[in-house]
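Asks: Provided below: data.pdb, containing PDB, C-alpha atoms.
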```pdb
ATOM      1  CA  MET Q  77     129.935  58.491 108.281
ATOM      2  CA  SER Q  78     127.913  56.988 111.140
ATOM      3  CA  THR Q  79     124.850  58.644 112.517
ATOM      4  CA  PRO Q  80     125.258  59.856 116.105
ATOM      5  CA  SER Q  81     123.308  57.843 118.645
ATOM      6  CA  GLU Q  82     120.282  59.437 120.221
ATOM      7  CA  GLY Q  83     120.933  61.104 123.535
ATOM      8  CA  PRO Q  84     118.973  60.276 126.697
ATOM      9  CA  GLY Q  85     116.721  63.277 126.243
ATOM     10  CA  THR Q  86     115.742  62.482 122.659
ATOM     11  CA  THR Q  87     112.105  61.542 122.143
ATOM     12  CA  PRO Q  88     111.814  58.350 120.079
ATOM     13  CA  PRO Q  89     109.610  58.628 116.986
ATOM     14  CA  GLU Q  90     105.998  57.585 117.475
ATOM     15  CA  PRO Q  91     105.106  54.291 115.800
ATOM     16  CA  GLU Q  92     102.974  54.448 112.704
ATOM     17  CA  PRO Q  93      99.308  53.746 113.511
ATOM     18  CA  ARG Q  94      98.150  50.343 112.375
ATOM     19  CA  ALA Q  95      95.111  49.867 110.146
ATOM     20  CA  SER Q  96      93.334  48.101 113.024
ATOM     21  CA  ASP Q  97      93.926  51.127 115.271
ATOM     22  CA  ILE Q  98      92.528  53.551 112.722
ATOM     23  CA  LEU Q  99      89.509  51.368 111.971
ATOM     24  CA  GLY Q 100      88.873  50.633 115.643
ATOM     25  CA  GLN Q 101      88.986  54.300 116.583
ATOM     26  CA  ALA Q 102      86.599  55.176 113.768
ATOM     27  CA  LEU Q 103      84.155  52.419 114.745
ATOM     28  CA  GLY Q 104      84.419  53.263 118.432
ATOM     29  CA  GLY Q 105      83.796  56.940 117.745
ATOM     30  CA  ALA Q 106      80.746  56.136 115.634
ATOM     31  CA  ALA Q 107      79.386  53.851 118.355
ATOM     32  CA  ARG Q 108      79.935  56.506 121.029
ATOM     33  CA  ARG Q 109      78.115  59.116 118.948
ATOM     34  CA  ALA Q 110      75.225  56.674 118.640
ATOM     35  CA  GLY Q 111      75.102  56.356 122.425
ATOM     36  CA  LEU Q 112      76.609  52.854 122.544
ATOM     37  CA  ASP Q 113      79.178  53.154 125.314
ATOM     38  CA  PRO Q 114      79.249  50.237 127.794
ATOM     39  CA  ASN Q 115      80.993  52.532 130.285
ATOM     40  CA  GLU Q 116      77.746  54.424 130.754
ATOM     41  CA  GLU Q 117      75.163  52.845 133.018
ATOM     42  CA  ARG Q 118      72.021  53.474 131.005
ATOM     43  CA  PRO Q 119      68.878  51.345 130.676
ATOM     44  CA  THR Q 120      68.993  49.135 127.602
ATOM     45  CA  GLY Q 121      65.784  50.625 126.221
ATOM     46  CA  HIS Q 122      67.251  54.121 126.461
ATOM     47  CA  VAL Q 123      70.412  53.026 124.641
ATOM     48  CA  VAL Q 124      68.495  51.345 121.814
ATOM     49  CA  TRP Q 125      66.189  54.332 121.407
ATOM     50  CA  HIS Q 126      69.151  56.712 121.316
ATOM     51  CA  ALA Q 127      70.940  54.531 118.746
ATOM     52  CA  MET Q 128      67.865  54.742 116.488
ATOM     53  CA  GLY Q 129      67.861  58.528 116.849
ATOM     54  CA  GLY Q 130      64.649  58.803 118.866
ATOM     55  CA  TRP Q 131      61.364  59.751 117.228
ATOM     56  CA  ARG Q 132      63.120  61.975 114.708
ATOM     57  CA  GLY Q 133      65.575  59.263 113.681
ATOM     58  CA  VAL Q 134      62.769  56.734 113.293
ATOM     59  CA  ALA Q 135      60.781  59.193 111.175
ATOM     60  CA  GLU Q 136      63.763  59.971 108.944
ATOM     61  CA  SER Q 137      64.465  56.269 108.494
ATOM     62  CA  VAL Q 138      60.913  55.060 107.891
ATOM     63  CA  LEU Q 139      58.732  57.807 106.429
ATOM     64  CA  PRO Q 140      60.355  58.352 102.985
ATOM     65  CA  GLY Q 141      60.212  54.615 102.231
ATOM     66  CA  LEU Q 142      56.695  54.326 103.619
ATOM     67  CA  VAL Q 143      55.480  57.220 101.470
ATOM     68  CA  PHE Q 144      57.002  55.610  98.377
ATOM     69  CA  VAL Q 145      55.334  52.242  99.035
ATOM     70  CA  VAL Q 146      51.923  53.731  99.870
ATOM     71  CA  THR Q 147      51.888  56.102  96.877
ATOM     72  CA  TYR Q 148      53.133  53.428  94.489
ATOM     73  CA  THR Q 149      50.440  51.022  95.692
ATOM     74  CA  LEU Q 150      47.593  53.549  95.625
ATOM     75  CA  THR Q 151      48.427  54.736  92.106
ATOM     76  CA  TYR Q 152      48.616  51.233  90.664
ATOM     77  CA  ASP Q 153      46.445  50.843  87.549
ATOM     78  CA  PRO Q 154      45.463  47.205  86.866
ATOM     79  CA  SER Q 155      44.601  47.996  83.261
ATOM     80  CA  THR Q 156      48.170  49.087  82.472
ATOM     81  CA  ASP Q 157      49.906  47.142  85.253
ATOM     82  CA  GLU Q 158      51.777  50.335  86.168
ATOM     83  CA  SER Q 159      51.962  52.852  89.006
ATOM     84  CA  ASN Q 160      52.832  56.535  89.072
ATOM     85  CA  LEU Q 161      56.560  56.104  89.629
ATOM     86  CA  PRO Q 162      57.584  59.787  89.309
ATOM     87  CA  LEU Q 163      54.965  60.850  91.880
ATOM     88  CA  SER Q 164      55.960  58.083  94.294
ATOM     89  CA  LEU Q 165      59.648  58.929  94.056
ATOM     90  CA  GLY Q 166      59.050  62.676  94.113
ATOM     91  CA  LEU Q 167      57.042  62.505  97.347
ATOM     92  CA  SER Q 168      59.635  60.239  98.948
ATOM     93  CA  VAL Q 169      62.589  62.471  98.056
ATOM     94  CA  GLY Q 170      60.595  65.602  98.902
ATOM     95  CA  LEU Q 171      59.823  64.308 102.388
ATOM     96  CA  ALA Q 172      63.482  63.380 102.965
ATOM     97  CA  LEU Q 173      64.439  66.903 101.866
ATOM     98  CA  VAL Q 174      61.923  68.493 104.264
ATOM     99  CA  LEU Q 175      63.248  66.425 107.185
ATOM    100  CA  THR Q 176      66.798  67.487 106.364
ATOM    101  CA  VAL Q 177      65.862  71.180 106.073
ATOM    102  CA  ILE Q 178      64.108  71.006 109.472
ATOM    103  CA  ARG Q 179      67.352  69.754 111.028
ATOM    104  CA  LEU Q 180      69.340  72.535 109.384
ATOM    105  CA  VAL Q 181      66.884  75.201 110.525
ATOM    106  CA  GLN Q 182      66.903  73.868 114.088
ATOM    107  CA  ARG Q 183      70.714  73.548 113.967
ATOM    108  CA  THR Q 184      70.695  69.933 115.037
ATOM    109  CA  PRO Q 185      73.288  67.507 113.596
ATOM    110  CA  PRO Q 186      72.058  66.869 110.029
ATOM    111  CA  SER Q 187      74.383  63.975 109.167
ATOM    112  CA  ALA Q 188      71.818  61.155 109.517
ATOM    113  CA  ALA Q 189      69.070  63.027 107.658
ATOM    114  CA  LEU Q 190      71.520  64.239 105.005
ATOM    115  CA  GLY Q 191      72.798  60.700 104.469
ATOM    116  CA  GLY Q 192      69.226  59.463 104.156
ATOM    117  CA  LEU Q 193      68.414  62.237 101.676
ATOM    118  CA  ILE Q 194      71.410  61.404  99.481
ATOM    119  CA  ALA Q 195      70.585  57.687  99.533
ATOM    120  CA  THR Q 196      66.910  58.333  98.768
ATOM    121  CA  ALA Q 197      67.734  60.728  95.926
ATOM    122  CA  ALA Q 198      70.305  58.362  94.386
ATOM    123  CA  ALA Q 199      67.885  55.435  94.493
ATOM    124  CA  ALA Q 200      65.120  57.578  92.996
ATOM    125  CA  ALA Q 201      67.397  58.774  90.200
ATOM    126  CA  LEU Q 202      68.248  55.189  89.295
ATOM    127  CA  ALA Q 203      64.593  54.110  89.293
ATOM    128  CA  LEU Q 204      63.592  57.091  87.142
ATOM    129  CA  PHE Q 205      66.423  56.358  84.711
ATOM    130  CA  THR Q 206      65.364  52.735  84.241
ATOM    131  CA  GLY Q 207      61.628  53.331  84.671
ATOM    132  CA  ARG Q 208      61.420  50.348  87.034
ATOM    133  CA  GLY Q 209      60.106  50.878  90.567
ATOM    134  CA  GLU Q 210      62.015  47.894  91.917
ATOM    135  CA  ASP Q 211      65.315  49.547  90.960
ATOM    136  CA  ASN Q 212      64.679  52.033  93.767
ATOM    137  CA  PHE Q 213      65.919  49.283  96.104
ATOM    138  CA  ILE Q 214      69.221  48.481  94.355
ATOM    139  CA  PRO Q 215      71.370  50.831  96.521
ATOM    140  CA  GLY Q 216      69.972  49.113  99.594
ATOM    141  CA  PHE Q 217      70.979  45.724  98.210
ATOM    142  CA  ILE Q 218      74.508  46.983  97.599
ATOM    143  CA  THR Q 219      74.728  48.384 101.132
ATOM    144  CA  ASN Q 220      73.482  45.156 102.713
ATOM    145  CA  ALA Q 221      75.903  43.065 100.654
ATOM    146  CA  ALA Q 222      78.851  45.316 101.538
ATOM    147  CA  TYR Q 223      78.087  45.427 105.278
ATOM    148  CA  GLY Q 224      77.312  41.719 105.469
ATOM    149  CA  THR Q 225      80.503  40.765 103.645
ATOM    150  CA  ALA Q 226      82.732  43.097 105.664
ATOM    151  CA  LEU Q 227      81.331  41.792 108.954
ATOM    152  CA  LEU Q 228      81.598  38.154 107.889
ATOM    153  CA  VAL Q 229      85.187  38.474 106.671
ATOM    154  CA  SER Q 230      86.236  40.368 109.809
ATOM    155  CA  ALA Q 231      84.830  37.596 112.007
ATOM    156  CA  LEU Q 232      86.448  34.792 110.003
ATOM    157  CA  ILE Q 233      89.919  36.363 110.073
ATOM    158  CA  GLY Q 234      89.745  37.036 113.822
ATOM    159  CA  TRP Q 235      89.355  40.819 113.691
ATOM    160  CA  SER Q 236      85.642  41.157 114.424
ATOM    161  CA  LEU Q 237      84.396  44.666 113.683
ATOM    162  CA  ILE Q 238      82.205  44.568 116.785
ATOM    163  CA  GLY Q 239      85.286  43.726 118.829
ATOM    164  CA  LEU Q 240      87.279  46.579 117.297
ATOM    165  CA  ALA Q 241      84.522  49.057 118.150
ATOM    166  CA  ALA Q 242      84.096  47.768 121.708
ATOM    167  CA  GLY Q 243      87.844  47.600 122.319
ATOM    168  CA  TYR Q 244      88.372  51.246 121.510
ATOM    169  CA  LEU Q 245      85.242  52.313 123.355
ATOM    170  CA  MET Q 246      86.619  50.618 126.488
ATOM    171  CA  GLY Q 247      90.137  51.952 126.010
ATOM    172  CA  GLU Q 248      91.825  48.579 125.499
ATOM    173  CA  GLY Q 249      92.460  48.825 121.781
ATOM    174  CA  THR Q 250      92.963  45.346 120.368
ATOM    175  CA  ALA Q 251      93.838  43.707 123.700
ATOM    176  CA  TRP Q 252      90.470  41.903 123.593
ATOM    177  CA  ARG Q 253      91.988  39.525 121.036
ATOM    178  CA  ARG Q 254      94.102  37.977 123.832
ATOM    179  CA  ASP Q 255      90.960  37.101 125.804
ATOM    180  CA  ALA Q 256      89.322  33.910 124.504
ATOM    181  CA  ARG Q 257      85.940  34.793 126.038
ATOM    182  CA  LYS Q 258      85.815  38.223 124.417
ATOM    183  CA  ARG Q 259      87.000  36.864 121.078
ATOM    184  CA  ARG Q 260      84.261  34.242 121.131
ATOM    185  CA  VAL Q 261      81.483  36.697 122.058
ATOM    186  CA  PHE Q 262      82.557  39.283 119.496
ATOM    187  CA  PHE Q 263      82.850  36.569 116.842
ATOM    188  CA  TRP Q 264      79.235  35.478 117.326
ATOM    189  CA  LEU Q 265      77.933  39.044 117.615
ATOM    190  CA  THR Q 266      79.642  39.967 114.352
ATOM    191  CA  LEU Q 267      78.220  36.879 112.649
ATOM    192  CA  ALA Q 268      74.749  37.840 113.917
ATOM    193  CA  TRP Q 269      75.047  41.293 112.347
ATOM    194  CA  SER Q 270      76.329  39.780 109.117
ATOM    195  CA  ALA Q 271      73.398  37.343 109.106
ATOM    196  CA  LEU Q 272      70.970  40.264 109.444
ATOM    197  CA  PHE Q 273      72.251  41.897 106.262
ATOM    198  CA  PHE Q 274      72.394  38.655 104.286
ATOM    199  CA  THR Q 275      68.908  37.669 105.478
ATOM    200  CA  ARG Q 276      67.563  40.908 104.074
ATOM    201  CA  LEU Q 277      69.115  40.055 100.731
ATOM    202  CA  ALA Q 278      67.816  36.482 100.788
ATOM    203  CA  VAL Q 279      64.253  37.640 101.424
ATOM    204  CA  GLN Q 280      64.165  40.748  99.255
ATOM    205  CA  LEU Q 281      66.114  39.790  96.134
ATOM    206  CA  PRO Q 282      63.511  37.226  94.911
ATOM    207  CA  LEU Q 283      60.844  39.946  95.200
ATOM    208  CA  TYR Q 284      63.060  42.310  93.212
ATOM    209  CA  PHE Q 285      63.434  39.818  90.375
ATOM    210  CA  ALA Q 286      59.678  39.153  90.518
ATOM    211  CA  GLY Q 287      59.004  42.902  90.203
ATOM    212  CA  ASP Q 288      56.790  42.921  93.322
ATOM    213  CA  VAL Q 289      57.494  46.500  94.410
ATOM    214  CA  THR Q 290      54.785  46.769  97.077
ATOM    215  CA  THR Q 291      55.799  43.605  98.944
ATOM    216  CA  LEU Q 292      59.480  44.432  98.520
ATOM    217  CA  GLY Q 293      59.029  47.913  99.967
ATOM    218  CA  THR Q 294      56.921  46.614 102.836
ATOM    219  CA  LEU Q 295      59.442  43.932 103.779
ATOM    220  CA  LYS Q 296      62.282  46.423 103.581
ATOM    221  CA  LEU Q 297      60.529  48.476 106.258
ATOM    222  CA  VAL Q 298      59.709  45.408 108.358
ATOM    223  CA  MET Q 299      63.291  44.148 108.166
ATOM    224  CA  GLY Q 300      64.732  47.553 109.023
ATOM    225  CA  LEU Q 301      64.348  49.030 112.504
ATOM    226  CA  PRO Q 302      62.245  46.129 113.880
ATOM    227  CA  LEU Q 303      65.255  43.817 113.403
ATOM    228  CA  PHE Q 304      67.911  46.456 114.049
ATOM    229  CA  ALA Q 305      66.606  47.373 117.510
ATOM    230  CA  PRO Q 306      66.742  43.914 119.161
ATOM    231  CA  LEU Q 307      70.205  43.216 117.748
ATOM    232  CA  ILE Q 308      71.452  46.541 119.110
ATOM    233  CA  ALA Q 309      70.040  45.538 122.512
ATOM    234  CA  VAL Q 310      71.742  42.122 122.424
ATOM    235  CA  THR Q 311      75.067  43.684 121.372
ATOM    236  CA  TRP Q 312      74.866  46.301 124.109
ATOM    237  CA  LEU Q 313      74.030  43.786 126.832
ATOM    238  CA  ALA Q 314      76.753  41.379 125.737
ATOM    239  CA  ALA Q 315      79.446  44.069 125.569
ATOM    240  CA  ARG Q 316      78.461  45.499 128.934
ATOM    241  CA  ALA Q 317      78.568  42.023 130.506
ATOM    242  CA  LEU Q 318      82.053  41.401 129.118
ATOM    243  CA  TYR Q 319      83.438  44.587 130.659
ATOM    244  CA  ARG Q 320      81.497  44.555 133.935
ATOM    245  CA  PRO Q 321      83.970  44.436 136.854
ATOM    246  CA  ARG Q 322      84.072  40.981 138.373
ATOM    247  CA  PRO Q 323      83.538  40.677 142.146
ATOM    248  CA  GLU Q 324      86.688  40.261 144.204
TER     249      GLU Q 324
END
```
Let me see whether you can do it: turn the structure in this file into structure tokens.

Replies:
Amino acid sequence: MSTPSEGPGTTPPEPEPRASDILGQALGGAARRAGLDPNEERPTGHVVWHAMGGWRGVAESVLPGLVFVVTYTLTYDPSTDESNLPLSLGLSVGLALVLTVIRLVQRTPPSAALGGLIATAAAAALALFTGRGEDNFIPGFITNAAYGTALLVSALIGWSLIGLAAGYLMGEGTAWRRDARKRRVFFWLTLAWSALFFTRLAVQLPLYFAGDVTTLGTLKLVMGLPLFAPLIAVTWLAARALYRPRPE
């Protein structure tokens, strides 16, 4: 028995969302929450500062790692060639916990601080389990490798993650892939972000295998926000230039 044809008033079923749509919407939403919306005419410095979370975001990103490095270095005993690892990790995790509790008490969005607390606690647990201070940096290596690989692969297959985020921020979805100029810019921006993560690995992994915890921790801080901020600025300026209305 044949199925009756749909009448003129029947609403056709909505197409299933593609993986690129879901990923693009997620990336675009995350970028918008970070203040990276090329539709908004804001000074570049303001955008970069907002993306880093302001003074509080910088503190939550830098202070736990800084406390670990300073405490580990100050408690180093040349006679035993060891530092007070439990104290260093305890102060680092404790500070991350305090920063998270402050956000909860003030009822500000705790997601960034909570994520930092979980990452700090997981890294500390691993280092305490192995008894090696350098193992505190293993989760960071995994994160850099994952982000760098995902960005690199997305650029090479023509679905740049930066392009997906910008496309959904600007309301054009994946239409940017039909514009050679946009594809080219997003390709190089995505490669630049991938290079940042792989550069961190290239510099820091030899120090990990050498067991140089103080230098490793210091370079992790130096290669964090100080490299993140200028790349955010470049990405913002490039995306805004691509979508700026051209004169008639």

Asks: I need the output of the PyMOL selection byres ((chain Q and resi 288-294) around 9) for this file as a CSV table (one decimal) with C-alpha atoms, in the coordinates of the input; which residues are they?

Replies:
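Contents of result_13.csv, as written:
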```
chain,number,residue,atom,x,y,z
Q,141,GLY,CA,60.2,54.6,102.2
Q,142,LEU,CA,56.7,54.3,103.6
Q,144,PHE,CA,57.0,55.6,98.4
Q,145,VAL,CA,55.3,52.2,99.0
Q,146,VAL,CA,51.9,53.7,99.9
Q,148,TYR,CA,53.1,53.4,94.5
Q,149,THR,CA,50.4,51.0,95.7
Q,209,GLY,CA,60.1,50.9,90.6
Q,210,GLU,CA,62.0,47.9,91.9
Q,213,PHE,CA,65.9,49.3,96.1
Q,279,VAL,CA,64.3,37.6,101.4
Q,280,GLN,CA,64.2,40.7,99.3
Q,281,LEU,CA,66.1,39.8,96.1
Q,282,PRO,CA,63.5,37.2,94.9
Q,283,LEU,CA,60.8,39.9,95.2
Q,284,TYR,CA,63.1,42.3,93.2
Q,285,PHE,CA,63.4,39.8,90.4
Q,286,ALA,CA,59.7,39.2,90.5
Q,287,GLY,CA,59.0,42.9,90.2
Q,295,LEU,CA,59.4,43.9,103.8
Q,296,LYS,CA,62.3,46.4,103.6
Q,297,LEU,CA,60.5,48.5,106.3
Q,298,VAL,CA,59.7,45.4,108.4
Q,299,MET,CA,63.3,44.1,108.2
```

Asks: Rank nothing, just name the residue among Q:Met246, Q:Ala231, Q:Leu301, Q:Ala200 nearest to Gly133 (chain Q), using only C-alpha atoms.

Replies: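 Closest residue, counting only C-alpha atoms: Q:Leu301.
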
Asks: Any chance you could resolve the PyMOL selection byres ((chain Q and resi 137) around 12) against this file and give the residues as a PDB file with C-alpha atoms, in the frame of the given file?

Replies:
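That gives us out_19.pdb:
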```pdb
ATOM      1  CA  MET Q 128      67.865  54.742 116.488  1.00  0.00           C
ATOM      2  CA  GLY Q 129      67.861  58.528 116.849  1.00  0.00           C
ATOM      3  CA  GLY Q 130      64.649  58.803 118.866  1.00  0.00           C
ATOM      4  CA  TRP Q 131      61.364  59.751 117.228  1.00  0.00           C
ATOM      5  CA  ARG Q 132      63.120  61.975 114.708  1.00  0.00           C
ATOM      6  CA  GLY Q 133      65.575  59.263 113.681  1.00  0.00           C
ATOM      7  CA  VAL Q 134      62.769  56.734 113.293  1.00  0.00           C
ATOM      8  CA  ALA Q 135      60.781  59.193 111.175  1.00  0.00           C
ATOM      9  CA  GLU Q 136      63.763  59.971 108.944  1.00  0.00           C
ATOM     10  CA  VAL Q 138      60.913  55.060 107.891  1.00  0.00           C
ATOM     11  CA  LEU Q 139      58.732  57.807 106.429  1.00  0.00           C
ATOM     12  CA  PRO Q 140      60.355  58.352 102.985  1.00  0.00           C
ATOM     13  CA  GLY Q 141      60.212  54.615 102.231  1.00  0.00           C
ATOM     14  CA  LEU Q 142      56.695  54.326 103.619  1.00  0.00           C
ATOM     15  CA  VAL Q 143      55.480  57.220 101.470  1.00  0.00           C
ATOM     16  CA  SER Q 168      59.635  60.239  98.948  1.00  0.00           C
ATOM     17  CA  LEU Q 171      59.823  64.308 102.388  1.00  0.00           C
ATOM     18  CA  ALA Q 172      63.482  63.380 102.965  1.00  0.00           C
ATOM     19  CA  LEU Q 175      63.248  66.425 107.185  1.00  0.00           C
ATOM     20  CA  THR Q 176      66.798  67.487 106.364  1.00  0.00           C
ATOM     21  CA  ALA Q 188      71.818  61.155 109.517  1.00  0.00           C
ATOM     22  CA  ALA Q 189      69.070  63.027 107.658  1.00  0.00           C
ATOM     23  CA  LEU Q 190      71.520  64.239 105.005  1.00  0.00           C
ATOM     24  CA  GLY Q 191      72.798  60.700 104.469  1.00  0.00           C
ATOM     25  CA  GLY Q 192      69.226  59.463 104.156  1.00  0.00           C
ATOM     26  CA  LEU Q 193      68.414  62.237 101.676  1.00  0.00           C
ATOM     27  CA  ALA Q 195      70.585  57.687  99.533  1.00  0.00           C
ATOM     28  CA  THR Q 196      66.910  58.333  98.768  1.00  0.00           C
ATOM     29  CA  LYS Q 296      62.282  46.423 103.581  1.00  0.00           C
ATOM     30  CA  LEU Q 297      60.529  48.476 106.258  1.00  0.00           C
ATOM     31  CA  VAL Q 298      59.709  45.408 108.358  1.00  0.00           C
ATOM     32  CA  GLY Q 300      64.732  47.553 109.023  1.00  0.00           C
ATOM     33  CA  LEU Q 301      64.348  49.030 112.504  1.00  0.00           C
ATOM     34  CA  PRO Q 302      62.245  46.129 113.880  1.00  0.00           C
ATOM     35  CA  PHE Q 304      67.911  46.456 114.049  1.00  0.00           C
TER      36      PHE Q 304
END
```

Asks: Which protein, DNA or RNA residues have an atom at most 8 Å from (81.1, 42.7, 116.6), counting all atoms listed in the file? List them as an MDAnalysis selection string.

Replies: chainID Q and resid 227 231 236:242 262:267 269 311

Asks: Which distance in Å separates CA of Val174 (chain Q) and CA of Leu303 (chain Q), to one decimal?

Replies: 26.5 Å

Asks: To one decimal place, how far is CA of Leu232 (chain Q) from CA of Phe274 (chain Q) in Å?

Replies: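 These two atoms are separated by 15.7 Å.
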
Asks: Which is closer to Val310 (chain Q) than all the others in Q:Ser187, Q:Leu165, Q:Gly121, Q:Ile98, using only C-alpha atoms?

Replies: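 Going through Q:Ser187, Q:Leu165, Q:Gly121, Q:Ile98 one by one, the smallest distance to Val310 (chain Q) is for Q:Gly121.
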
Asks: Looking at only C-alpha atoms, which of Q:Asn220, Q:Pro185, Q:Gly247, Q:Val123 is the one that sits closest to Pro306 (chain Q)?

Replies: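 Among the listed residues, the smallest separation from Pro306 (chain Q) belongs to Q:Val123.
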
Asks: Out of Q:Trp312, Q:Trp235, Q:Phe273, Q:Phe217, which residue has the shortest atom-to-atom distance to Thr120 (chain Q) when counting all atoms listed in the file?

Replies: Q:Trp312

Asks: Check the smallest atom-to-atom distance from each of Q:Arg253, Q:Arg276, Q:His126, Q:Arg260 to Ala314 (chain Q) using only C-alpha atoms, then report the winner.

Replies: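 Counting only C-alpha atoms, the residue closest to Ala314 (chain Q) is Q:Arg260.
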